[in-house]
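Contents: one structure, followed by commentary.
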Amino acid sequence: PPIMTVRNLSLHYGDKQALDDVSFDLYSNEILAFIGPSGCGKSTALKCLNRMHDDTRGVRTCGTILMEGEDINGPDVDPPLHRRRFGWVAQKPNPFPTSIYENVAYAARLHGLTPNRQALKEHVKQCLSRAGLWDEVEEHLYKKSGTDLSGGQQQRLCIARALATQPDVLLMDEPTGSIDPIATARIEDLLLELKQDQAIVIITHSMAQARRIADRVAYFHLGKLLEVQDTEAMFTAP
Ligand code: ADP
Ligand code: ADP
């Protein structure tokens, strides 16, 4: 069964309709890519999944988003609690200006994962390893700040930070949109590994990227989700 089921989701920012009757399913262990021209509602749809749109004033939604049988688009959901099940990665790497260790440890603590010191250390190491960064940062874990790393490393640190809450779903808004091609390929490889453990929804403007890593592609246009296709089918001529 799907991990999330979105049905007839519509959203208005004041008078402006940003999503119009959007429906799709999200499965665990898949990468679902959102594509489409800018302004078509991709970010908005992504934010609805973790109730981030609540933070914008004047937003109204209707429709349902089922997650384990619960309608998380309804009024009974506590957004901060709900958000723990998600990791978020933005387009521009935005590590905290604290030590590399603290970037991940802070996220774990913030979300109430506060085991003893040793267990926290292990957890941070595991998140950094899963983000493919441990070997590069181990020796200056406490000395270097997150902002001292290269762009690609910063983004992998942000991925490690997003993994700190042991999320069911990773939400990524053009995560390779501002890094170089080699660092991009590295992150694409990483996502193919990470999807073994959780669902990933990724906004991308790169068809090559969608083709390379996505299992399915959702095509948005003017706030509507026109079609969700298997990547294979999408890139194979009929
Ligand atoms: P995309 O991610 O595909 O570029 P967005 O979801 O960011 O699209 O935006 C969808 C539409 O909603 C756009 O027309 C955008 O201008 C509008 N929009 C996005 N955020 C807001 C906001 N906070 N207030 C008003 N309109 C917004
Ligand atoms: P931008 O369009 O420049 O990415 P946004 O308004 O989308 O800016 O986001 C502002 C900040 O909030 C960013 O630092 C982003 O990382 C964070 N953010 C946005 N959406 C979410 C979300 N759904 N979950 C967690 N953090 C988010």
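Residue numbers start at 1 in each chain; chains themselves are named A, B, ... in the order of the structure tokens; ligands are numbered from 1 in the order shown.
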
| query | If you count only C-alpha atoms, which residues fall within 8 Å of segment 47-50 of chain A, apart from same-chain ones fewer than 4 positions away, as a PyMOL selection string? | reply | chain A and resi 43+65+73+79+82-83+86

Selection file, N, CA and C atoms, as a compact mmCIF listing (two decimals), in the first residue's frame:
```txt
# COMPACT_ATOMS: atom_id res chain seq x y z
N SER A 43 6.45 23.23 -5.54
CA SER A 43 6.88 23.48 -4.15
C SER A 43 5.69 23.45 -3.21
N ILE A 65 -5.07 14.01 2.60
CA ILE A 65 -3.75 13.39 2.47
C ILE A 65 -3.69 12.30 3.54
N ASN A 73 -4.17 16.18 6.37
CA ASN A 73 -4.56 17.50 5.90
C ASN A 73 -5.69 18.07 6.76
N PRO A 79 1.07 20.06 13.40
CA PRO A 79 2.08 20.14 12.34
C PRO A 79 3.52 19.87 12.80
N HIS A 82 3.92 16.23 13.22
CA HIS A 82 3.82 15.59 11.91
C HIS A 82 5.12 15.73 11.12
N ARG A 83 5.74 16.89 11.21
CA ARG A 83 6.94 17.17 10.41
C ARG A 83 8.13 16.30 10.76
N PHE A 86 9.33 13.70 8.36
CA PHE A 86 9.86 14.13 7.07
C PHE A 86 11.23 14.76 7.24
```

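The list of residues with at least one atom within 7 Å of Ala164 of chain A, based on only C-alpha atoms and without residues fewer than 6 positions apart in the same chain, reads Val104, Ala107, Ala108 and Cys127 of chain A.
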
| task | Determine, counting only C-alpha atoms, which protein, DNA and RNA residues have an atom within 6 Å of an atom of segment 184-200 of chain A; residues of the same chain fewer than 3 positions away are not included. Present the result as a PyMOL selection string. | result | chain A and resi 28-31+168-170+176+181

Store the residues picked out above, limited to N, CA, C and O atoms, as a CSV table (one decimal), in the first residue's frame.
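Result written to part-v4.csv:
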```csv
chain,number,residue,atom,x,y,z
A,28,SER,N,6.6,3.7,-0.4
A,28,SER,CA,8.0,3.7,0.3
A,28,SER,C,8.9,3.1,-0.8
A,28,SER,O,8.5,2.3,-1.7
A,29,ASN,N,10.2,3.3,-0.6
A,29,ASN,CA,11.2,2.8,-1.5
A,29,ASN,C,11.1,3.3,-2.9
A,29,ASN,O,11.6,2.6,-3.8
A,30,GLU,N,10.5,4.4,-3.1
A,30,GLU,CA,10.5,5.0,-4.5
A,30,GLU,C,11.0,6.4,-4.5
A,30,GLU,O,10.9,7.1,-3.4
A,31,ILE,N,11.5,6.8,-5.6
A,31,ILE,CA,11.7,8.2,-5.9
A,31,ILE,C,10.7,8.8,-6.8
A,31,ILE,O,10.6,8.3,-7.9
A,168,ASP,N,10.3,9.1,7.5
A,168,ASP,CA,9.7,8.1,6.5
A,168,ASP,C,9.8,8.6,5.1
A,168,ASP,O,9.8,7.9,4.2
A,169,VAL,N,9.8,10.0,5.0
A,169,VAL,CA,9.8,10.6,3.6
A,169,VAL,C,10.9,11.7,3.6
A,169,VAL,O,10.9,12.5,4.5
A,170,LEU,N,11.6,11.7,2.5
A,170,LEU,CA,12.5,12.9,2.3
A,170,LEU,C,11.9,13.8,1.2
A,170,LEU,O,11.5,13.3,0.2
A,176,THR,N,19.9,19.6,-6.2
A,176,THR,CA,21.2,19.7,-6.9
A,176,THR,C,21.1,21.0,-7.8
A,176,THR,O,22.0,21.1,-8.7
A,181,PRO,N,28.2,19.6,-11.5
A,181,PRO,CA,27.8,18.3,-12.0
A,181,PRO,C,28.4,17.1,-11.3
A,181,PRO,O,27.7,16.1,-11.1
```

| task | Step one, run DSSP on the backbone; step two, keep only residues of chain A assigned to strand (DSSP E); then write them as a ChimeraX atom specification. | result | /A:4-13,16-26,31-35,59-67,70-71,86-89,169-173,199-203,216-221,224-230

With only C-alpha atoms as the counted atoms, please give the residues lying no more than 7 Å from Ala90 of chain A, apart from itself and same-chain residues fewer than 5 positions off, as an mmCIF file with all heavy atoms, in the first residue's frame.
```cif
data_model
loop_
_atom_site.group_PDB
_atom_site.id
_atom_site.type_symbol
_atom_site.label_atom_id
_atom_site.label_comp_id
_atom_site.auth_asym_id
_atom_site.auth_seq_id
_atom_site.Cartn_x
_atom_site.Cartn_y
_atom_site.Cartn_z
ATOM 1 N N MET A 172 12.612 16.970 -1.170
ATOM 2 C CA MET A 172 13.774 17.676 -1.690
ATOM 3 C C MET A 172 13.353 18.642 -2.792
ATOM 4 O O MET A 172 12.774 18.245 -3.795
ATOM 5 C CB MET A 172 14.792 16.673 -2.241
ATOM 6 C CG MET A 172 15.003 15.480 -1.311
ATOM 7 S SD MET A 172 16.313 14.389 -1.879
ATOM 8 C CE MET A 172 17.655 14.991 -0.889
ATOM 9 N N ASP A 173 13.639 19.928 -2.550
ATOM 10 C CA ASP A 173 13.246 20.964 -3.499
ATOM 11 C C ASP A 173 14.454 21.343 -4.350
ATOM 12 O O ASP A 173 15.265 22.164 -3.944
ATOM 13 C CB ASP A 173 12.701 22.175 -2.727
ATOM 14 C CG ASP A 173 12.001 23.167 -3.636
ATOM 15 O OD1 ASP A 173 12.157 23.067 -4.867
ATOM 16 O OD2 ASP A 173 11.297 24.048 -3.100
ATOM 17 N N GLU A 174 14.612 20.715 -5.493
ATOM 18 C CA GLU A 174 15.771 20.940 -6.371
ATOM 19 C C GLU A 174 17.111 20.847 -5.642
ATOM 20 O O GLU A 174 17.895 21.795 -5.654
ATOM 21 C CB GLU A 174 15.679 22.335 -6.990
ATOM 22 C CG GLU A 174 14.749 22.435 -8.159
ATOM 23 C CD GLU A 174 14.988 23.765 -8.857
ATOM 24 O OE1 GLU A 174 15.967 23.833 -9.629
ATOM 25 O OE2 GLU A 174 14.240 24.713 -8.602
ATOM 26 N N PRO A 175 17.373 19.719 -5.020
ATOM 27 C CA PRO A 175 18.547 19.620 -4.143
ATOM 28 C C PRO A 175 19.882 19.744 -4.865
ATOM 29 O O PRO A 175 20.896 20.006 -4.228
ATOM 30 C CB PRO A 175 18.400 18.223 -3.527
ATOM 31 C CG PRO A 175 17.615 17.449 -4.524
ATOM 32 C CD PRO A 175 16.642 18.447 -5.107
#
```

Pull the closest atom pair for each residue of chain A that gets at most 10 Å from ligand 1, along with the distance in Å to one decimal, counting only C-alpha atoms and all ligand atoms, ordering rows by chain and then ascending residue number, as CSV.
```
residue,atom,partner,partner_atom_place_in_ligand_line,distance
A:Leu11,CA,ligand 1,12 (O),8.9
A:His12,CA,ligand 1,26 (N),8.0
A:Tyr13,CA,ligand 1,25 (C),4.8
A:Gly14,CA,ligand 1,25 (C),7.0
A:Asp15,CA,ligand 1,25 (C),8.6
A:Lys16,CA,ligand 1,26 (N),6.3
A:Gln17,CA,ligand 1,12 (O),6.9
A:Ala18,CA,ligand 1,12 (O),4.3
A:Leu19,CA,ligand 1,10 (C),7.3
A:Phe34,CA,ligand 1,3 (O),8.6
A:Ile35,CA,ligand 1,3 (O),7.8
A:Gly36,CA,ligand 1,3 (O),6.5
A:Pro37,CA,ligand 1,3 (O),6.2
A:Ser38,CA,ligand 1,4 (O),3.6
A:Gly39,CA,ligand 1,8 (O),3.5
A:Cys40,CA,ligand 1,3 (O),3.9
A:Gly41,CA,ligand 1,6 (O),3.3
A:Lys42,CA,ligand 1,3 (O),3.8
A:Ser43,CA,ligand 1,2 (O),3.6
A:Thr44,CA,ligand 1,6 (O),3.6
A:Ala45,CA,ligand 1,6 (O),6.4
A:Leu46,CA,ligand 1,6 (O),8.0
A:Lys47,CA,ligand 1,6 (O),8.4
A:Cys48,CA,ligand 1,6 (O),9.9
A:His53,CA,ligand 1,23 (N),8.3
A:Asp55,CA,ligand 1,23 (N),9.2
A:Thr56,CA,ligand 1,23 (N),5.8
A:Arg57,CA,ligand 1,23 (N),7.5
A:Gly58,CA,ligand 1,24 (N),8.1
A:Val59,CA,ligand 1,24 (N),8.1
A:Asp173,CA,ligand 1,2 (O),8.2
A:Glu174,CA,ligand 1,2 (O),9.5
A:Ile203,CA,ligand 1,2 (O),7.9
A:Thr204,CA,ligand 1,2 (O),9.7
A:His205,CA,ligand 1,3 (O),9.8
A:Phe220,CA,ligand 1,3 (O),7.4
A:His221,CA,ligand 1,3 (O),8.1
A:Leu222,CA,ligand 1,10 (C),7.8
A:Gly223,CA,ligand 1,10 (C),6.6
```

| field | Shell of 8 Å around Leu163 of chain A, only C-alpha atoms, local chain residues under 3 positions omitted, as a ChimeraX atom specification | value | /A:87,127,159-160,166-167

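Considering the residues A:Val22, A:Ala214, A:Met52, A:Ala33 and counting only C-alpha atoms and all ligand atoms, ligand 2 has its shortest atom-to-atom contact with A:Met52.
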
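We find atom CA of Ser145 of chain A and atom CA of Thr98 of chain A to be spaced 5.0 Å apart.
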
| field | Neighbour list for segment 66-69 of chain A as a ChimeraX atom specification, cut-off 12 Å, only C-alpha atoms, skip fewer than 5 positions in-chain | value | /A:1-9,23-28,48-50,74,77,82,85,168-169

| request: Determine which residues of segment 79-209 of chain A DSSP labels as helix (DSSP H, G or I) from the backbone of this structure, then write them out as a PyMOL selection string. | output: chain A and resi 79-83+100-110+117-130+134-140+146-148+151-163+181-194+207-209

| message | Residues near Gln155 of chain A, anyone? I mean within 8 Å using only C-alpha atoms, not counting same-chain ones fewer than 6 positions away, as number ranges by chain. | response | A: 92-95, 175

| note | Nearest to ligand 2, restricted to only C-alpha atoms and all ligand atoms and choosing among A:Gln126, A:Ser206, A:Gln118, A:Ser178, comes out as A:Ser178

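With distances restricted to only C-alpha atoms and all ligand atoms, A:Ala162 is the closest residue to ligand 2 from A:Leu157, A:Ile100, A:Val137, A:Ala162.
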
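Each of A:Pro75, A:Gln154, A:Ala233, A:Gly146 was checked against Arg60 of chain A using only C-alpha atoms; the smallest atom-to-atom distance is that of A:Pro75.
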
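Nearest-residue note for Leu128 of chain A: choosing from A:Glu227, A:Glu102, A:Asp180, A:Asp78, the minimum distance belongs to A:Glu102, counting only C-alpha atoms.
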
| Using only C-alpha atoms and all ligand atoms, which of the listed residues (A:Arg216, A:Arg161, A:Arg109, A:Arg130) sits closest to ligand 2? | A:Arg161
